[in-house]
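The structure file target-v2.pdb is reproduced below (PDB, C-alpha atoms, pLDDT in the B column).
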ATOM      1  CA  MET I   1     -26.219  -9.931  86.831  1.00 45.00           C
ATOM      2  CA  LYS I   2     -23.302  -9.149  89.160  1.00 51.00           C
ATOM      3  CA  GLY I   3     -22.072 -12.732  88.908  1.00 53.00           C
ATOM      4  CA  LYS I   4     -22.309 -12.714  85.126  1.00 55.00           C
ATOM      5  CA  GLY I   5     -20.431  -9.425  84.904  1.00 52.00           C
ATOM      6  CA  ARG I   6     -17.697 -10.719  87.196  1.00 50.00           C
ATOM      7  CA  TRP I   7     -17.306 -13.882  85.108  1.00 50.00           C
ATOM      8  CA  CYS I   8     -16.894 -11.851  81.914  1.00 51.00           C
ATOM      9  CA  LEU I   9     -14.542  -9.398  83.594  1.00 50.00           C
ATOM     10  CA  THR I  10     -12.449 -12.263  84.976  1.00 50.00           C
ATOM     11  CA  THR I  11     -12.206 -13.801  81.508  1.00 51.00           C
ATOM     12  CA  ILE I  12     -11.131 -10.459  80.031  1.00 50.00           C
ATOM     13  CA  LEU I  13      -8.549  -9.816  82.742  1.00 46.00           C
ATOM     14  CA  VAL I  14      -7.023 -13.267  82.430  1.00 48.00           C
ATOM     15  CA  LEU I  15      -6.847 -12.929  78.642  1.00 50.00           C
ATOM     16  CA  THR I  16      -5.105  -9.571  79.040  1.00 48.00           C
ATOM     17  CA  LEU I  17      -2.249 -11.356  80.780  1.00 45.00           C
ATOM     18  CA  ALA I  18      -1.813 -13.819  77.933  1.00 44.00           C
ATOM     19  CA  SER I  19       1.665 -14.598  76.669  1.00 41.00           C
ATOM     20  CA  MET I  20       1.763 -14.278  72.892  1.00 44.00           C
ATOM     21  CA  GLY I  21       3.673 -16.382  70.386  1.00 48.00           C
ATOM     22  CA  ILE I  22       3.268 -19.798  72.025  1.00 58.00           C
ATOM     23  CA  ALA I  23       1.280 -22.425  70.155  1.00 64.00           C
ATOM     24  CA  PHE I  24      -0.470 -25.624  71.136  1.00 70.00           C
ATOM     25  CA  GLN I  25      -1.773 -28.565  69.129  1.00 76.00           C
ATOM     26  CA  ASN I  26      -5.203 -28.574  67.459  1.00 81.00           C
ATOM     27  CA  GLU I  27      -5.957 -24.919  68.179  1.00 87.00           C
ATOM     28  CA  PRO I  28      -9.701 -24.351  67.822  1.00 89.00           C
ATOM     29  CA  GLU I  29     -10.979 -21.896  65.221  1.00 90.00           C
ATOM     30  CA  GLY I  30     -14.175 -21.397  67.176  1.00 94.00           C
ATOM     31  CA  PHE I  31     -16.593 -23.367  69.333  1.00 96.00           C
ATOM     32  CA  ARG I  32     -19.498 -25.654  68.466  1.00 96.00           C
ATOM     33  CA  GLY I  33     -19.706 -24.700  64.808  1.00 94.00           C
ATOM     34  CA  LEU I  34     -19.291 -20.975  65.384  1.00 96.00           C
ATOM     35  CA  GLN I  35     -16.034 -19.609  63.939  1.00 96.00           C
ATOM     36  CA  TRP I  36     -14.106 -16.702  65.440  1.00 96.00           C
ATOM     37  CA  GLY I  37     -15.463 -13.480  63.956  1.00 97.00           C
ATOM     38  CA  ASP I  38     -18.887 -14.905  63.021  1.00 98.00           C
ATOM     39  CA  PRO I  39     -22.011 -12.909  63.943  1.00 98.00           C
ATOM     40  CA  PRO I  40     -24.500 -14.436  66.401  1.00 97.00           C
ATOM     41  CA  GLY I  41     -26.461 -17.287  64.867  1.00 94.00           C
ATOM     42  CA  GLU I  42     -30.220 -17.345  64.421  1.00 95.00           C
ATOM     43  CA  ASP I  43     -30.359 -20.028  67.103  1.00 96.00           C
ATOM     44  CA  MET I  44     -28.878 -17.620  69.685  1.00 98.00           C
ATOM     45  CA  VAL I  45     -30.630 -15.395  72.203  1.00 97.00           C
ATOM     46  CA  PHE I  46     -29.128 -12.172  73.569  1.00 98.00           C
ATOM     47  CA  THR I  47     -28.937 -12.400  77.372  1.00 97.00           C
ATOM     48  CA  PHE I  48     -27.021  -9.307  78.539  1.00 96.00           C
ATOM     49  CA  ALA I  49     -24.213  -6.857  77.792  1.00 95.00           C
ATOM     50  CA  SER I  50     -21.000  -6.866  79.800  1.00 89.00           C
ATOM     51  CA  GLY I  51     -18.784  -3.909  79.045  1.00 86.00           C
ATOM     52  CA  SER I  52     -18.009  -4.026  75.332  1.00 90.00           C
ATOM     53  CA  MET I  53     -19.272  -7.598  74.926  1.00 95.00           C
ATOM     54  CA  ASP I  54     -22.748  -8.837  74.122  1.00 97.00           C
ATOM     55  CA  ILE I  55     -23.486 -12.218  75.677  1.00 98.00           C
ATOM     56  CA  TYR I  56     -25.690 -14.782  73.951  1.00 98.00           C
ATOM     57  CA  GLU I  57     -26.892 -18.285  74.742  1.00 98.00           C
ATOM     58  CA  ARG I  58     -28.278 -21.090  72.602  1.00 97.00           C
ATOM     59  CA  PRO I  59     -31.472 -22.413  74.211  1.00 96.00           C
ATOM     60  CA  ALA I  60     -30.951 -25.823  72.554  1.00 95.00           C
ATOM     61  CA  ASP I  61     -27.209 -26.021  73.371  1.00 97.00           C
ATOM     62  CA  LYS I  62     -25.742 -29.345  74.498  1.00 95.00           C
ATOM     63  CA  MET I  63     -25.092 -29.108  78.204  1.00 97.00           C
ATOM     64  CA  ASN I  64     -22.156 -31.481  78.226  1.00 96.00           C
ATOM     65  CA  ILE I  65     -18.631 -31.941  76.938  1.00 96.00           C
ATOM     66  CA  GLY I  66     -18.143 -35.697  76.881  1.00 94.00           C
ATOM     67  CA  ASP I  67     -19.219 -36.882  80.334  1.00 95.00           C
ATOM     68  CA  VAL I  68     -18.812 -33.419  81.869  1.00 96.00           C
ATOM     69  CA  ARG I  69     -22.193 -31.923  82.757  1.00 94.00           C
ATOM     70  CA  LEU I  70     -22.295 -28.188  82.052  1.00 96.00           C
ATOM     71  CA  ARG I  71     -24.264 -25.605  83.983  1.00 96.00           C
ATOM     72  CA  ARG I  72     -24.185 -22.833  81.376  1.00 96.00           C
ATOM     73  CA  VAL I  73     -22.665 -22.083  77.960  1.00 98.00           C
ATOM     74  CA  GLU I  74     -22.377 -18.429  76.937  1.00 98.00           C
ATOM     75  CA  TYR I  75     -21.024 -16.839  73.778  1.00 98.00           C
ATOM     76  CA  GLY I  76     -19.361 -13.398  73.876  1.00 97.00           C
ATOM     77  CA  PHE I  77     -19.395 -11.062  70.864  1.00 98.00           C
ATOM     78  CA  TYR I  78     -17.470  -7.843  70.313  1.00 96.00           C
ATOM     79  CA  GLN I  79     -18.844  -5.598  67.561  1.00 96.00           C
ATOM     80  CA  ASN I  80     -21.085  -8.466  66.473  1.00 97.00           C
ATOM     81  CA  ARG I  81     -18.107 -10.852  66.057  1.00 97.00           C
ATOM     82  CA  PHE I  82     -17.673 -14.086  68.009  1.00 98.00           C
ATOM     83  CA  LEU I  83     -14.910 -13.580  70.541  1.00 96.00           C
ATOM     84  CA  VAL I  84     -15.241 -16.079  73.380  1.00 97.00           C
ATOM     85  CA  ALA I  85     -17.098 -19.175  74.551  1.00 98.00           C
ATOM     86  CA  MET I  86     -17.599 -19.244  78.326  1.00 97.00           C
ATOM     87  CA  VAL I  87     -18.568 -22.548  79.913  1.00 97.00           C
ATOM     88  CA  ARG I  88     -19.570 -23.080  83.538  1.00 96.00           C
ATOM     89  CA  PHE I  89     -19.640 -26.388  85.372  1.00 95.00           C
ATOM     90  CA  ILE I  90     -19.793 -27.625  88.952  1.00 92.00           C
ATOM     91  CA  GLY I  91     -17.458 -29.804  90.971  1.00 90.00           C
ATOM     92  CA  ASP I  92     -13.987 -31.250  91.261  1.00 89.00           C
ATOM     93  CA  GLU I  93     -14.841 -34.348  89.241  1.00 92.00           C
ATOM     94  CA  ASN I  94     -15.935 -32.274  86.214  1.00 93.00           C
ATOM     95  CA  TYR I  95     -12.878 -30.026  86.585  1.00 93.00           C
ATOM     96  CA  ASP I  96     -10.539 -33.032  86.630  1.00 93.00           C
ATOM     97  CA  LEU I  97     -12.305 -34.671  83.690  1.00 95.00           C
ATOM     98  CA  LEU I  98     -12.202 -31.467  81.629  1.00 95.00           C
ATOM     99  CA  LYS I  99      -8.465 -31.190  82.278  1.00 95.00           C
ATOM    100  CA  VAL I 100      -8.032 -34.750  80.949  1.00 95.00           C
ATOM    101  CA  ILE I 101     -10.201 -33.984  77.883  1.00 96.00           C
ATOM    102  CA  LEU I 102      -8.447 -30.685  77.123  1.00 95.00           C
ATOM    103  CA  THR I 103      -4.966 -32.186  77.588  1.00 95.00           C
ATOM    104  CA  ALA I 104      -5.818 -35.082  75.262  1.00 95.00           C
ATOM    105  CA  ARG I 105      -7.094 -32.666  72.636  1.00 94.00           C
ATOM    106  CA  TYR I 106      -4.669 -29.728  72.952  1.00 92.00           C
ATOM    107  CA  GLY I 107      -1.599 -31.238  74.590  1.00 92.00           C
ATOM    108  CA  LYS I 108       0.097 -30.239  77.801  1.00 92.00           C
ATOM    109  CA  PRO I 109      -1.057 -26.829  79.131  1.00 92.00           C
ATOM    110  CA  THR I 110       1.347 -23.998  78.342  1.00 88.00           C
ATOM    111  CA  ASP I 111       0.821 -22.635  81.860  1.00 87.00           C
ATOM    112  CA  GLU I 112      -0.334 -24.212  85.111  1.00 87.00           C
ATOM    113  CA  GLY I 113      -1.308 -22.405  88.294  1.00 85.00           C
ATOM    114  CA  PHE I 114      -3.263 -23.102  91.425  1.00 84.00           C
ATOM    115  CA  LEU I 115      -6.545 -24.609  90.170  1.00 85.00           C
ATOM    116  CA  GLN I 116      -5.961 -23.153  86.710  1.00 91.00           C
ATOM    117  CA  PHE I 117      -4.677 -24.620  83.462  1.00 94.00           C
ATOM    118  CA  THR I 118      -4.064 -22.492  80.389  1.00 93.00           C
ATOM    119  CA  TRP I 119      -3.307 -23.147  76.747  1.00 93.00           C
ATOM    120  CA  TRP I 120      -1.894 -19.893  75.275  1.00 87.00           C
ATOM    121  CA  SER I 121      -1.097 -19.094  71.672  1.00 86.00           C
ATOM    122  CA  SER I 122      -0.954 -16.079  69.427  1.00 83.00           C
ATOM    123  CA  ASP I 123      -4.373 -17.038  67.993  1.00 90.00           C
ATOM    124  CA  THR I 124      -6.404 -18.749  70.720  1.00 93.00           C
ATOM    125  CA  ASN I 125      -6.445 -18.959  74.503  1.00 93.00           C
ATOM    126  CA  ILE I 126      -8.096 -21.684  76.562  1.00 95.00           C
ATOM    127  CA  ILE I 127      -8.443 -21.257  80.309  1.00 96.00           C
ATOM    128  CA  LEU I 128      -9.747 -23.923  82.688  1.00 96.00           C
ATOM    129  CA  SER I 129     -10.150 -22.624  86.230  1.00 94.00           C
ATOM    130  CA  ARG I 130     -11.864 -23.383  89.494  1.00 90.00           C
ATOM    131  CA  PRO I 131     -11.955 -20.811  92.292  1.00 79.00           C
ATOM    132  CA  SER I 132     -10.597 -22.511  95.402  1.00 70.00           C
ATOM    133  CA  MET I 133     -13.454 -21.659  97.743  1.00 69.00           C
ATOM    134  CA  LYS I 134     -16.288 -22.320  95.324  1.00 73.00           C
ATOM    135  CA  ASN I 135     -17.736 -25.372  93.686  1.00 83.00           C
ATOM    136  CA  ASP I 136     -18.075 -23.600  90.312  1.00 89.00           C
ATOM    137  CA  GLY I 137     -15.597 -24.111  87.510  1.00 94.00           C
ATOM    138  CA  TYR I 138     -15.017 -22.163  84.319  1.00 95.00           C
ATOM    139  CA  LEU I 139     -13.711 -22.886  80.850  1.00 97.00           C
ATOM    140  CA  SER I 140     -13.160 -20.092  78.354  1.00 96.00           C
ATOM    141  CA  ILE I 141     -12.005 -20.416  74.768  1.00 96.00           C
ATOM    142  CA  ALA I 142     -11.224 -17.114  73.062  1.00 96.00           C
ATOM    143  CA  ASP I 143      -9.852 -15.545  69.898  1.00 95.00           C
ATOM    144  CA  VAL I 144      -6.772 -13.480  70.751  1.00 92.00           C
ATOM    145  CA  ARG I 145      -6.943 -11.145  67.733  1.00 92.00           C
ATOM    146  CA  ILE I 146     -10.507  -9.939  68.331  1.00 94.00           C
ATOM    147  CA  PHE I 147      -9.791  -9.729  72.045  1.00 91.00           C
ATOM    148  CA  GLY I 148      -6.785  -7.501  71.280  1.00 90.00           C
ATOM    149  CA  GLU I 149      -8.987  -5.158  69.234  1.00 92.00           C
ATOM    150  CA  MET I 150     -11.498  -4.944  72.064  1.00 92.00           C
ATOM    151  CA  ASP I 151      -8.788  -4.387  74.670  1.00 89.00           C
ATOM    152  CA  ARG I 152      -7.187  -1.572  72.635  1.00 91.00           C
ATOM    153  CA  ALA I 153     -10.588   0.095  72.096  1.00 90.00           C
ATOM    154  CA  ILE I 154     -11.395  -0.084  75.829  1.00 89.00           C
ATOM    155  CA  LYS I 155      -8.026   1.445  76.720  1.00 90.00           C
ATOM    156  CA  GLN I 156      -8.404   4.195  74.105  1.00 89.00           C
ATOM    157  CA  GLU I 157     -11.874   5.012  75.416  1.00 87.00           C
ATOM    158  CA  ALA I 158     -10.486   5.251  78.968  1.00 87.00           C
ATOM    159  CA  ILE I 159      -7.713   7.594  77.776  1.00 89.00           C
ATOM    160  CA  GLU I 160     -10.174   9.832  75.939  1.00 87.00           C
ATOM    161  CA  LYS I 161     -12.554   9.894  78.910  1.00 85.00           C
ATOM    162  CA  ALA I 162      -9.702  10.770  81.301  1.00 85.00           C
ATOM    163  CA  ALA I 163      -8.577  13.622  79.029  1.00 81.00           C
ATOM    164  CA  ASP I 164     -11.724  15.520  80.011  1.00 75.00           C
ATOM    165  CA  ASP I 165     -10.626  15.381  83.656  1.00 76.00           C
ATOM    166  CA  PHE I 166      -7.418  17.379  83.096  1.00 74.00           C
TER     167      PHE I 166
END
So that I can check it, write out the structure of this file as structure tokens.
Amino acid sequence: MKGKGRWCLTTILVLTLASMGIAFQNEPEGFRGLQWGDPPGEDMVFTFASGSMDIYERPADKMNIGDVRLRRVEYGFYQNRFLVAMVRFIGDENYDLLKVILTARYGKPTDEGFLQFTWWSSDTNIILSRPSMKNDGYLSIADVRIFGEMDRAIKQEAIEKAADDF
């Protein structure tokens, strides 16, 4: 569970740093038939809660994107609304191939860092990353608007909780 929580937290933290107002081509309105804001589908199974998000999986999910073999596909929901798809894969070859696939579909990344490529917009964020010392790689595709609601609610809750300490 620690690893899962860290993955979700990392996704949230990276999305918090998103630059707004930039667009990229073919922005997704969801992932694998699930639109941003949709409730979990009947084909989904709740796996755990991470902070304000509920994480689901689809037992019959395709475990590939093109020729990229996936290790896990998770779907994050905030207040029962689809917020983020989190995809895990293994290896440099899959990382490189996903970068080619994402660039062909969404255009040049709006931001590039060390072992991380990002497509930012005011509606959707896509992050492809691979921690340098690990063989695991991550792809997240998220709705910025719902994420903003969640982020504001988390901050407000922290403010209210801290008020009791004064």
Dump as JSON lines the rows for residues of range 19-116 of chain I within 10 Å of range 149-166 of chain I: closest atom pair and distance in Å with one decimal, all atoms listed in the file counted, ordered by chain and rising residue number.
{"residue": "I:Gly51", "atom": "CA", "partner": "I:Ile154", "partner_atom": "CA", "distance": 8.9}
{"residue": "I:Ser52", "atom": "CA", "partner": "I:Met150", "partner_atom": "CA", "distance": 7.3}
{"residue": "I:Met53", "atom": "CA", "partner": "I:Met150", "partner_atom": "CA", "distance": 8.7}
{"residue": "I:Tyr78", "atom": "CA", "partner": "I:Met150", "partner_atom": "CA", "distance": 6.9}
{"residue": "I:Gln79", "atom": "CA", "partner": "I:Met150", "partner_atom": "CA", "distance": 8.6}
{"residue": "I:Leu83", "atom": "CA", "partner": "I:Met150", "partner_atom": "CA", "distance": 9.4}
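Listed by chain and then by number, the residues chosen by the PyMOL selection byres ((chain I and resi 29-31) around 9) in this file are Glu27, Pro28, Arg32, Gly33, Leu34, Gln35, Trp36, Gly37, Phe82, Leu83, Val84, Ala85, Asp123, Thr124, Ile141, Ala142 and Asp143 of chain I.
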Please determine, counting only C-alpha atoms, which residue among I:Asn80, I:Thr103, I:Gln25, I:Ser50 has the shortest atom-to-atom distance to Ser121 in chain I. I:Gln25
Can you give me, as a short mmCIF file (atom, residue, chain, number, x, y, z; two decimals) with C-alpha atoms, in the coordinates of the input, the residues this file yields under the PyMOL selection byres ((chain I and resi 46) around 7)?
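That gives us selection-v2.cif:
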data_model
loop_
_atom_site.label_atom_id
_atom_site.label_comp_id
_atom_site.auth_asym_id
_atom_site.auth_seq_id
_atom_site.Cartn_x
_atom_site.Cartn_y
_atom_site.Cartn_z
CA MET I 44 -28.88 -17.62 69.68
CA VAL I 45 -30.63 -15.40 72.20
CA THR I 47 -28.94 -12.40 77.37
CA PHE I 48 -27.02 -9.31 78.54
CA ILE I 55 -23.49 -12.22 75.68
CA TYR I 56 -25.69 -14.78 73.95
CA GLU I 57 -26.89 -18.28 74.74
#
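Minimum atom-to-atom distances from I:Asp61, I:Glu74, I:Asp136, I:Asp111 to Asn94 in chain I were compared using only C-alpha atoms, and the lowest value belongs to I:Asp136.
Note that CA of Ile146 in chain I and CA of Arg69 in chain I are 28.8 Å apart.
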With only C-alpha atoms as the atoms that count, which of I:Phe24, I:Ile101, I:Tyr138, I:Met63 lies nearest to Trp120 in chain I? I:Phe24
What's the separation between CA of Tyr95 in chain I and CA of Asn26 in chain I, in Å to one decimal place? 20.7 Å
Take the PyMOL selection byres ((chain I and resi 99) around 10), apply it to the structure above, and return the hits as JSON, numbers by chain. {"I": [93, 94, 95, 96, 97, 98, 100, 101, 102, 103, 104, 105, 108, 109, 116, 117, 118, 128, 129, 139]}
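Pairwise distance (CA of Lys134 in chain I, CA of Tyr75 in chain I) equals 22.7 Å.
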